[in-house]
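S.K.: Below you'll find the structure I mean.
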Protein chains: 4
Amino acid sequence: MAREPLPPLRDFPWHLDIPTRWGDHDAYGHVNNAVHYSVFETTIMRWLEIEHGLDTASGSVRCFTVENGCCYHAPLKHPATMRCGLRIDRLGTSSVRYALAIFIDESCVATGFVVDVFVSAADERPVSVPEEFRQAMGPLMR
Amino acid sequence: MAREPLPPLRDFPWHLDIPTRWGDHDAYGHVNNAVHYSVFETTIMRWLEIEHGLDTASGSVRCFTVENGCCYHAPLKHPATMRCGLRIDRLGTSSVRYALAIFIDESCVATGFVVDVFVSAADERPVSVPEEFRQAMGPLMR
Amino acid sequence: MAREPLPPLRDFPWHLDIPTRWGDHDAYGHVNNAVHYSVFETTIMRWLEIEHGLDTASGSVRCFTVENGCCYHAPLKHPATMRCGLRIDRLGTSSVRYALAIFIDESCVATGFVVDVFVSAADERPVSVPEEFRQAMGPLMR
Amino acid sequence: MAREPLPPLRDFPWHLDIPTRWGDHDAYGHVNNAVHYSVFETTIMRWLEIEHGLDTASGSVRCFTVENGCCYHAPLKHPATMRCGLRIDRLGTSSVRYALAIFIDESCVATGFVVDVFVSAADERPVSVPEEFRQAMGPLMR
């Protein structure tokens, strides 16, 4: 696992700092693996919503995650600030593949990806990525 | 704290078993205090929805929690089955006060309460507890 | 409920900003009630650990929550920054009672309290609040 | 995505039922994607601990997740009982790859995998999968 060299933070054009919470631990005393996905998702949605004012909840489209994955390179303990880097690796007709990584200080502790499909809010069927999202995504492309 | 004798399970007319999850721990290696509230809430809503077929999500009323509290009598560790007892201590015009307790085997590890107010789904203002809820609640009264 | 006037942020000598997470919602589309307790706890522990360097995990004492409670004054939706104010209302021999409130911008959406008892890490029995904690707590007293 | 036919429950030799919790939702009104990983992990650990009495927390070895992933085939809403199927697809010298799927009634809503590496509790370096784990795992192999 994780044989490739870990990416530096500068490989990710945007990042968000998310503090760990006291209850994030699992029975091994590490931040639970599932928390990483919450961090990925929160980072993506804040980038869309806060940075670009794109309405992902009540607008005409929604972004449904169809696949995600994560490699864990080092355990994480509370308290820490998780700096989550975000990049886009592929932008298709109706889907987008984000690459993400979590850093503690300069050290990469996890790498992952999320594939979102744009669907119509009305019938939840795939639609083309709207032009305003496409433009916002440009600077995040590899 | 907790100077009163702890209640036996038979003080609660209904109960639900909820298994702990691996990620429920906090940085002390105990099931996190916030999980207890999730257990309380899940118990109340399943009783309303599953036992009585009352529609609390898309129906004309919603149950908003306005206050809750919990006393912790013993730490809890994963894996365990949390048996959550439910009773109603007060049924007012538009509000209901539930008493709850969590048991591990026969031992009471936490006691708490939740006050829910019924509101209209349309404008989120308080309404009278609907008659079908009121009838369902009868057998849960102290 | 909540008939008393809601406290202003200046009633709390210290505060911490915690962003909501995408998965914090409940089936009503609000930030789940249990999240408020996670925010309270995270605020207390960060104040002890980060502000004062007090070791609450591997040191000789631990802070066990024996009781907590919360009143909810307005629903909360993601994305938002929860500003959590912290004050101490009572400092006893072995226990401390924190008062907390969550603000969105200037508006108070929840008020609550947490009672922690100091216990020995060795046998988990109550001990006097150590002098270094007591000194740190002074400026937080009402 | 998900072009392969979805697996039936009988492809998984063991399963665990886990109820959704009221707070499991995300801002789209679905069970949050991160919850699926909590379900995967809880299923694996209960199978090891409860079914086989294997000590994964205080014993001489620990199972660290190094990689996991999930494909989402249908959204999930509370209240529901998530039936999580478990199988082993590969058992190496020090690692094991679990295949998992979540079913609602007979319908598969998510498929995923978890790769765990066995490490020494003393120094957290990889060790061979202990013989008692290896024997327990036999009947779960594809």
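Residue numbering restarts at 1 in every chain; chains get A, B, ... in the order shown in the structure tokens, and ligands count up from 1 in that same order.
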How would you write, as a PyMOL selection string, the set of residues in stretch 16-135 of chain C that DSSP gives as strand (DSSP E or B)?

M.R.: chain C and resi 16-19+25+31+61-72+81-91+95-104+107-120+126

S.K.: Could you list, as a PyMOL selection string, every residue within 9 Å of stretch 60-77 of chain B, counting only C-alpha atoms and ignoring same-chain residues fewer than 6 positions away?

M.R.: (chain A and resi 27) or (chain B and resi 1-2+6+20+24-25+29-33+36-37+95+100-101+104+108-122+124+127+129-130) or (chain C and resi 1-2+28+33+64-75)

S.K.: Let's have chain C fitted on chain D; use all the C-alpha atoms paired in order for the least-squares step and return it as a compact mmCIF listing (two decimals) with N, CA and C atoms, in the first residue's frame.

M.R.:
# COMPACT_ATOMS: atom_id res chain seq x y z
N MET C 1 -20.66 3.85 -13.65
CA MET C 1 -20.47 3.24 -12.32
C MET C 1 -21.40 2.03 -12.17
N ALA C 2 -20.99 1.16 -11.33
CA ALA C 2 -21.88 0.07 -10.93
C ALA C 2 -22.46 -0.66 -12.12
N ARG C 3 -21.65 -0.84 -13.17
CA ARG C 3 -22.17 -1.52 -14.35
C ARG C 3 -22.27 -3.02 -14.13
N GLU C 4 -21.40 -3.55 -13.28
CA GLU C 4 -21.51 -4.97 -12.95
C GLU C 4 -22.82 -5.24 -12.23
N PRO C 5 -23.36 -6.47 -12.40
CA PRO C 5 -24.57 -6.77 -11.63
C PRO C 5 -24.25 -6.70 -10.13
N LEU C 6 -25.19 -6.23 -9.35
CA LEU C 6 -24.97 -6.12 -7.90
C LEU C 6 -25.01 -7.52 -7.28
N PRO C 7 -24.18 -7.76 -6.28
CA PRO C 7 -24.12 -9.10 -5.69
C PRO C 7 -25.35 -9.38 -4.83
N PRO C 8 -25.78 -10.64 -4.81
CA PRO C 8 -26.85 -11.02 -3.89
C PRO C 8 -26.27 -11.24 -2.49
N LEU C 9 -27.14 -11.19 -1.50
CA LEU C 9 -26.69 -11.36 -0.11
C LEU C 9 -25.98 -12.70 0.10
N ARG C 10 -26.38 -13.72 -0.67
CA ARG C 10 -25.79 -15.05 -0.44
C ARG C 10 -24.31 -15.12 -0.84
N ASP C 11 -23.80 -14.09 -1.52
CA ASP C 11 -22.36 -14.04 -1.82
C ASP C 11 -21.53 -13.74 -0.57
N PHE C 12 -22.19 -13.40 0.53
CA PHE C 12 -21.48 -13.03 1.76
C PHE C 12 -21.82 -14.01 2.87
N PRO C 13 -20.81 -14.77 3.35
CA PRO C 13 -21.09 -15.84 4.30
C PRO C 13 -21.61 -15.38 5.66
N TRP C 14 -21.42 -14.11 6.02
CA TRP C 14 -21.85 -13.64 7.35
C TRP C 14 -22.45 -12.26 7.19
N HIS C 15 -23.41 -11.92 8.04
CA HIS C 15 -23.91 -10.55 7.99
C HIS C 15 -24.33 -10.07 9.36
N LEU C 16 -24.42 -8.75 9.49
CA LEU C 16 -24.81 -8.10 10.74
C LEU C 16 -25.85 -7.03 10.40
N ASP C 17 -26.89 -6.95 11.24
CA ASP C 17 -27.91 -5.92 11.06
C ASP C 17 -27.59 -4.72 11.93
N ILE C 18 -27.52 -3.56 11.33
CA ILE C 18 -27.22 -2.32 12.07
C ILE C 18 -28.32 -1.31 11.74
N PRO C 19 -29.05 -0.83 12.76
CA PRO C 19 -30.11 0.15 12.48
C PRO C 19 -29.51 1.53 12.19
N THR C 20 -30.13 2.26 11.28
CA THR C 20 -29.73 3.65 11.10
C THR C 20 -30.04 4.42 12.38
N ARG C 21 -29.35 5.55 12.56
CA ARG C 21 -29.63 6.45 13.68
C ARG C 21 -30.18 7.75 13.11
N TRP C 22 -30.99 8.40 13.91
CA TRP C 22 -31.65 9.65 13.53
C TRP C 22 -30.65 10.69 13.01
N GLY C 23 -29.48 10.72 13.58
CA GLY C 23 -28.50 11.73 13.19
C GLY C 23 -27.58 11.30 12.05
N ASP C 24 -27.89 10.20 11.37
CA ASP C 24 -27.00 9.69 10.32
C ASP C 24 -27.10 10.46 9.02
N HIS C 25 -28.08 11.33 8.90
CA HIS C 25 -28.31 12.02 7.63
C HIS C 25 -27.26 13.08 7.32
N ASP C 26 -27.20 13.44 6.03
CA ASP C 26 -26.38 14.56 5.59
C ASP C 26 -27.31 15.66 5.08
N ALA C 27 -26.72 16.70 4.49
CA ALA C 27 -27.52 17.85 4.09
C ALA C 27 -28.42 17.55 2.89
N TYR C 28 -28.30 16.36 2.30
CA TYR C 28 -29.21 15.97 1.22
C TYR C 28 -30.36 15.11 1.72
N GLY C 29 -30.39 14.85 3.02
CA GLY C 29 -31.47 14.01 3.53
C GLY C 29 -31.24 12.52 3.27
N HIS C 30 -29.98 12.14 3.03
CA HIS C 30 -29.62 10.73 2.87
C HIS C 30 -28.73 10.32 4.04
N VAL C 31 -28.67 9.02 4.30
CA VAL C 31 -27.66 8.55 5.24
C VAL C 31 -26.30 8.94 4.67
N ASN C 32 -25.52 9.63 5.45
CA ASN C 32 -24.24 10.17 5.00
C ASN C 32 -23.28 9.07 4.53
N ASN C 33 -22.53 9.38 3.47
CA ASN C 33 -21.60 8.39 2.91
C ASN C 33 -20.61 7.84 3.94
N ALA C 34 -20.21 8.68 4.87
CA ALA C 34 -19.23 8.22 5.85
C ALA C 34 -19.81 7.15 6.77
N VAL C 35 -21.13 7.14 6.94
CA VAL C 35 -21.76 6.13 7.80
C VAL C 35 -21.51 4.72 7.24
N HIS C 36 -21.46 4.60 5.92
CA HIS C 36 -21.23 3.28 5.33
C HIS C 36 -19.91 2.68 5.82
N TYR C 37 -18.91 3.52 5.96
CA TYR C 37 -17.61 3.02 6.44
C TYR C 37 -17.68 2.61 7.90
N SER C 38 -18.47 3.34 8.67
CA SER C 38 -18.67 2.95 10.07
C SER C 38 -19.37 1.60 10.14
N VAL C 39 -20.31 1.37 9.23
CA VAL C 39 -21.02 0.08 9.17
C VAL C 39 -20.06 -1.04 8.77
N PHE C 40 -19.21 -0.79 7.78
CA PHE C 40 -18.23 -1.80 7.34
C PHE C 40 -17.33 -2.21 8.52
N GLU C 41 -16.80 -1.21 9.18
CA GLU C 41 -15.84 -1.41 10.26
C GLU C 41 -16.47 -2.10 11.45
N THR C 42 -17.68 -1.66 11.79
CA THR C 42 -18.39 -2.26 12.92
C THR C 42 -18.68 -3.73 12.62
N THR C 43 -19.02 -4.04 11.37
CA THR C 43 -19.30 -5.42 10.98
C THR C 43 -18.05 -6.29 11.12
N ILE C 44 -16.94 -5.81 10.60
CA ILE C 44 -15.69 -6.58 10.67
C ILE C 44 -15.30 -6.82 12.12
N MET C 45 -15.33 -5.76 12.94
CA MET C 45 -14.85 -5.90 14.30
C MET C 45 -15.78 -6.78 15.15
N ARG C 46 -17.08 -6.68 14.91
CA ARG C 46 -17.99 -7.55 15.66
C ARG C 46 -17.81 -9.01 15.26
N TRP C 47 -17.54 -9.25 14.00
CA TRP C 47 -17.33 -10.62 13.57
C TRP C 47 -16.09 -11.20 14.25
N LEU C 48 -15.04 -10.41 14.32
CA LEU C 48 -13.81 -10.87 14.98
C LEU C 48 -14.03 -11.05 16.48
N GLU C 49 -14.66 -10.03 17.09
CA GLU C 49 -14.73 -10.00 18.56
C GLU C 49 -15.86 -10.86 19.13
N ILE C 50 -17.06 -10.70 18.54
CA ILE C 50 -18.21 -11.37 19.13
C ILE C 50 -18.31 -12.81 18.64
N GLU C 51 -18.12 -13.01 17.36
CA GLU C 51 -18.26 -14.35 16.81
C GLU C 51 -17.09 -15.25 17.20
N HIS C 52 -15.91 -14.64 17.31
CA HIS C 52 -14.71 -15.47 17.47
C HIS C 52 -13.94 -15.17 18.75
N GLY C 53 -14.41 -14.20 19.50
CA GLY C 53 -13.74 -13.91 20.77
C GLY C 53 -12.32 -13.42 20.59
N LEU C 54 -12.02 -12.90 19.41
CA LEU C 54 -10.65 -12.44 19.17
C LEU C 54 -10.51 -11.04 19.74
N ASP C 55 -9.45 -10.81 20.45
CA ASP C 55 -9.25 -9.55 21.16
C ASP C 55 -8.46 -8.58 20.28
N THR C 56 -9.20 -7.60 19.72
CA THR C 56 -8.55 -6.68 18.78
C THR C 56 -8.16 -5.35 19.42
N ALA C 57 -8.53 -5.17 20.69
CA ALA C 57 -8.26 -3.88 21.31
C ALA C 57 -7.10 -3.97 22.31
N SER C 58 -7.13 -4.99 23.17
CA SER C 58 -6.08 -5.03 24.19
C SER C 58 -5.13 -6.20 23.97
N GLY C 59 -5.33 -6.98 22.92
CA GLY C 59 -4.47 -8.13 22.66
C GLY C 59 -3.11 -7.70 22.12
N SER C 60 -2.35 -8.66 21.65
CA SER C 60 -0.98 -8.37 21.21
C SER C 60 -0.93 -7.83 19.78
N VAL C 61 -2.03 -7.99 19.04
CA VAL C 61 -2.07 -7.44 17.68
C VAL C 61 -3.22 -6.46 17.52
N ARG C 62 -3.08 -5.61 16.55
CA ARG C 62 -4.15 -4.70 16.19
C ARG C 62 -4.36 -4.76 14.67
N CYS C 63 -5.56 -4.44 14.24
CA CYS C 63 -5.88 -4.46 12.81
C CYS C 63 -6.02 -3.02 12.34
N PHE C 64 -5.04 -2.53 11.61
CA PHE C 64 -5.08 -1.15 11.13
C PHE C 64 -5.59 -1.12 9.68
N THR C 65 -6.58 -0.31 9.44
CA THR C 65 -7.06 -0.16 8.07
C THR C 65 -6.08 0.70 7.29
N VAL C 66 -5.61 0.18 6.14
CA VAL C 66 -4.70 0.97 5.30
C VAL C 66 -5.38 1.49 4.04
N GLU C 67 -6.49 0.87 3.66
CA GLU C 67 -7.21 1.36 2.49
C GLU C 67 -8.64 0.86 2.55
N ASN C 68 -9.57 1.69 2.07
CA ASN C 68 -10.95 1.23 1.92
C ASN C 68 -11.62 2.02 0.80
N GLY C 69 -12.76 1.52 0.38
CA GLY C 69 -13.46 2.18 -0.71
C GLY C 69 -14.90 1.71 -0.75
N CYS C 70 -15.75 2.49 -1.43
CA CYS C 70 -17.17 2.16 -1.47
C CYS C 70 -17.80 2.69 -2.76
N CYS C 71 -18.69 1.89 -3.36
CA CYS C 71 -19.55 2.36 -4.45
C CYS C 71 -20.98 2.42 -3.93
N TYR C 72 -21.65 3.54 -4.22
CA TYR C 72 -23.00 3.77 -3.72
C TYR C 72 -24.00 3.55 -4.83
N HIS C 73 -24.89 2.59 -4.66
CA HIS C 73 -25.82 2.23 -5.74
C HIS C 73 -27.20 2.84 -5.58
N ALA C 74 -27.55 3.19 -4.36
CA ALA C 74 -28.87 3.81 -4.12
C ALA C 74 -28.79 4.57 -2.82
N PRO C 75 -29.50 5.71 -2.74
CA PRO C 75 -29.49 6.45 -1.48
C PRO C 75 -30.25 5.70 -0.39
N LEU C 76 -29.89 5.98 0.84
CA LEU C 76 -30.42 5.31 2.02
C LEU C 76 -31.05 6.36 2.92
N LYS C 77 -32.21 6.04 3.48
CA LYS C 77 -32.85 6.99 4.38
C LYS C 77 -33.20 6.34 5.72
N HIS C 78 -33.08 7.10 6.78
CA HIS C 78 -33.52 6.68 8.09
C HIS C 78 -35.05 6.74 8.15
N PRO C 79 -35.78 5.83 8.81
CA PRO C 79 -35.26 4.66 9.50
C PRO C 79 -35.14 3.44 8.59
N ALA C 80 -34.05 2.69 8.76
CA ALA C 80 -33.86 1.47 7.98
C ALA C 80 -32.90 0.56 8.75
N THR C 81 -32.96 -0.71 8.45
CA THR C 81 -31.98 -1.64 9.01
C THR C 81 -30.99 -1.98 7.91
N MET C 82 -29.74 -1.62 8.16
CA MET C 82 -28.69 -1.91 7.18
C MET C 82 -28.16 -3.31 7.46
N ARG C 83 -28.35 -4.22 6.51
CA ARG C 83 -27.80 -5.57 6.65
C ARG C 83 -26.47 -5.61 5.93
N CYS C 84 -25.39 -5.78 6.68
CA CYS C 84 -24.06 -5.70 6.09
C CYS C 84 -23.46 -7.09 5.93
N GLY C 85 -23.23 -7.48 4.67
CA GLY C 85 -22.63 -8.78 4.37
C GLY C 85 -21.11 -8.69 4.37
N LEU C 86 -20.45 -9.77 4.79
CA LEU C 86 -18.99 -9.79 4.95
C LEU C 86 -18.40 -11.05 4.31
N ARG C 87 -17.30 -10.84 3.57
CA ARG C 87 -16.59 -11.95 2.92
C ARG C 87 -15.11 -11.59 2.92
N ILE C 88 -14.24 -12.57 2.77
CA ILE C 88 -12.82 -12.27 2.62
C ILE C 88 -12.39 -12.62 1.20
N ASP C 89 -11.79 -11.67 0.52
CA ASP C 89 -11.37 -11.89 -0.87
C ASP C 89 -9.90 -12.26 -0.97
N ARG C 90 -9.11 -11.88 0.04
CA ARG C 90 -7.67 -12.19 -0.03
C ARG C 90 -7.10 -12.19 1.37
N LEU C 91 -6.34 -13.23 1.68
CA LEU C 91 -5.68 -13.31 2.97
C LEU C 91 -4.19 -13.45 2.71
N GLY C 92 -3.43 -12.39 3.02
CA GLY C 92 -2.00 -12.41 2.75
C GLY C 92 -1.21 -12.75 4.00
N THR C 93 0.08 -12.43 3.98
CA THR C 93 0.93 -12.75 5.13
C THR C 93 0.53 -11.91 6.34
N SER C 94 0.43 -10.61 6.12
CA SER C 94 0.07 -9.76 7.26
C SER C 94 -1.19 -8.93 7.00
N SER C 95 -1.82 -9.14 5.86
CA SER C 95 -3.00 -8.32 5.55
C SER C 95 -4.18 -9.17 5.12
N VAL C 96 -5.36 -8.57 5.21
CA VAL C 96 -6.58 -9.23 4.78
C VAL C 96 -7.43 -8.20 4.05
N ARG C 97 -8.05 -8.67 2.95
CA ARG C 97 -8.94 -7.78 2.20
C ARG C 97 -10.37 -8.30 2.32
N TYR C 98 -11.21 -7.50 2.98
CA TYR C 98 -12.62 -7.85 3.15
C TYR C 98 -13.45 -7.24 2.02
N ALA C 99 -14.43 -7.99 1.53
CA ALA C 99 -15.45 -7.42 0.64
C ALA C 99 -16.73 -7.29 1.46
N LEU C 100 -17.41 -6.16 1.30
CA LEU C 100 -18.63 -5.93 2.07
C LEU C 100 -19.72 -5.36 1.17
N ALA C 101 -20.95 -5.52 1.59
CA ALA C 101 -22.07 -4.91 0.87
C ALA C 101 -23.18 -4.63 1.87
N ILE C 102 -23.91 -3.56 1.61
CA ILE C 102 -25.04 -3.20 2.48
C ILE C 102 -26.34 -3.43 1.73
N PHE C 103 -27.25 -4.14 2.39
CA PHE C 103 -28.54 -4.47 1.80
C PHE C 103 -29.67 -3.84 2.62
N ILE C 104 -30.69 -3.36 1.91
CA ILE C 104 -31.94 -2.97 2.55
C ILE C 104 -32.96 -3.96 2.02
N ASP C 105 -33.52 -4.76 2.90
CA ASP C 105 -34.30 -5.93 2.50
C ASP C 105 -33.41 -6.75 1.56
N GLU C 106 -33.83 -7.04 0.36
CA GLU C 106 -32.99 -7.87 -0.51
C GLU C 106 -32.16 -7.04 -1.46
N SER C 107 -32.26 -5.73 -1.35
CA SER C 107 -31.67 -4.87 -2.36
C SER C 107 -30.30 -4.33 -1.93
N CYS C 108 -29.31 -4.49 -2.80
CA CYS C 108 -27.95 -4.04 -2.49
C CYS C 108 -27.82 -2.55 -2.77
N VAL C 109 -27.51 -1.75 -1.72
CA VAL C 109 -27.41 -0.31 -1.91
C VAL C 109 -25.97 0.20 -1.94
N ALA C 110 -25.02 -0.64 -1.51
CA ALA C 110 -23.62 -0.22 -1.53
C ALA C 110 -22.71 -1.43 -1.49
N THR C 111 -21.57 -1.33 -2.20
CA THR C 111 -20.55 -2.39 -2.15
C THR C 111 -19.21 -1.74 -1.83
N GLY C 112 -18.37 -2.45 -1.10
CA GLY C 112 -17.10 -1.84 -0.75
C GLY C 112 -16.06 -2.86 -0.32
N PHE C 113 -14.90 -2.34 0.10
CA PHE C 113 -13.83 -3.21 0.56
C PHE C 113 -13.04 -2.49 1.65
N VAL C 114 -12.37 -3.29 2.46
CA VAL C 114 -11.49 -2.78 3.52
C VAL C 114 -10.24 -3.64 3.55
N VAL C 115 -9.06 -3.01 3.50
CA VAL C 115 -7.81 -3.75 3.64
C VAL C 115 -7.22 -3.45 5.02
N ASP C 116 -7.12 -4.47 5.84
CA ASP C 116 -6.54 -4.32 7.18
C ASP C 116 -5.16 -4.98 7.22
N VAL C 117 -4.23 -4.32 7.90
CA VAL C 117 -2.92 -4.91 8.13
C VAL C 117 -2.79 -5.22 9.61
N PHE C 118 -2.29 -6.39 9.93
CA PHE C 118 -2.06 -6.75 11.33
C PHE C 118 -0.74 -6.14 11.78
N VAL C 119 -0.80 -5.45 12.91
CA VAL C 119 0.43 -4.87 13.46
C VAL C 119 0.58 -5.31 14.91
N SER C 120 1.80 -5.25 15.36
CA SER C 120 2.08 -5.53 16.77
C SER C 120 1.57 -4.39 17.62
N ALA C 121 0.88 -4.72 18.71
CA ALA C 121 0.39 -3.67 19.60
C ALA C 121 1.56 -2.93 20.25
N ALA C 122 2.70 -3.59 20.34
CA ALA C 122 3.86 -2.99 21.01
C ALA C 122 4.47 -1.87 20.17
N ASP C 123 4.78 -2.16 18.90
CA ASP C 123 5.48 -1.15 18.10
C ASP C 123 4.74 -0.76 16.82
N GLU C 124 3.53 -1.27 16.64
CA GLU C 124 2.69 -0.94 15.49
C GLU C 124 3.35 -1.27 14.15
N ARG C 125 4.26 -2.26 14.11
CA ARG C 125 4.83 -2.71 12.85
C ARG C 125 4.12 -3.98 12.40
N PRO C 126 4.03 -4.20 11.07
CA PRO C 126 3.30 -5.36 10.56
C PRO C 126 3.82 -6.69 11.11
N VAL C 127 2.90 -7.59 11.39
CA VAL C 127 3.23 -8.95 11.83
C VAL C 127 2.39 -9.92 11.01
N SER C 128 2.75 -11.19 11.05
CA SER C 128 1.94 -12.20 10.36
C SER C 128 0.56 -12.28 11.01
N VAL C 129 -0.44 -12.54 10.18
CA VAL C 129 -1.78 -12.75 10.73
C VAL C 129 -1.70 -13.95 11.69
N PRO C 130 -2.06 -13.76 12.95
CA PRO C 130 -1.94 -14.87 13.92
C PRO C 130 -2.79 -16.07 13.52
N GLU C 131 -2.34 -17.25 13.92
CA GLU C 131 -2.99 -18.48 13.52
C GLU C 131 -4.47 -18.53 13.91
N GLU C 132 -4.83 -17.99 15.10
CA GLU C 132 -6.25 -18.07 15.51
C GLU C 132 -7.14 -17.19 14.64
N PHE C 133 -6.61 -16.06 14.17
CA PHE C 133 -7.38 -15.24 13.24
C PHE C 133 -7.50 -15.97 11.90
N ARG C 134 -6.38 -16.57 11.45
CA ARG C 134 -6.36 -17.25 10.16
C ARG C 134 -7.39 -18.37 10.11
N GLN C 135 -7.48 -19.11 11.20
CA GLN C 135 -8.45 -20.20 11.23
C GLN C 135 -9.88 -19.67 11.21
N ALA C 136 -10.12 -18.60 11.99
CA ALA C 136 -11.46 -18.02 12.02
C ALA C 136 -11.86 -17.52 10.64
N MET C 137 -10.89 -17.02 9.90
CA MET C 137 -11.18 -16.40 8.61
C MET C 137 -11.50 -17.40 7.49
N GLY C 138 -11.07 -18.64 7.65
CA GLY C 138 -11.26 -19.66 6.62
C GLY C 138 -12.67 -19.66 6.03
N PRO C 139 -13.70 -19.83 6.86
CA PRO C 139 -15.07 -19.93 6.33
C PRO C 139 -15.58 -18.66 5.65
N LEU C 140 -14.87 -17.55 5.82
CA LEU C 140 -15.31 -16.31 5.17
C LEU C 140 -14.68 -16.12 3.79
N MET C 141 -13.72 -17.02 3.46
CA MET C 141 -13.03 -16.87 2.18
C MET C 141 -13.98 -17.18 1.04
N ARG C 142 -13.78 -16.44 -0.02
CA ARG C 142 -14.60 -16.61 -1.22
C ARG C 142 -14.62 -18.06 -1.63

S.K.: Where does DSSP see helix (DSSP H, G or I) in stretch 13-140 of chain C, if you list the residues as number ranges by chain?

M.R.: C: 22-24, 33-51, 131-140
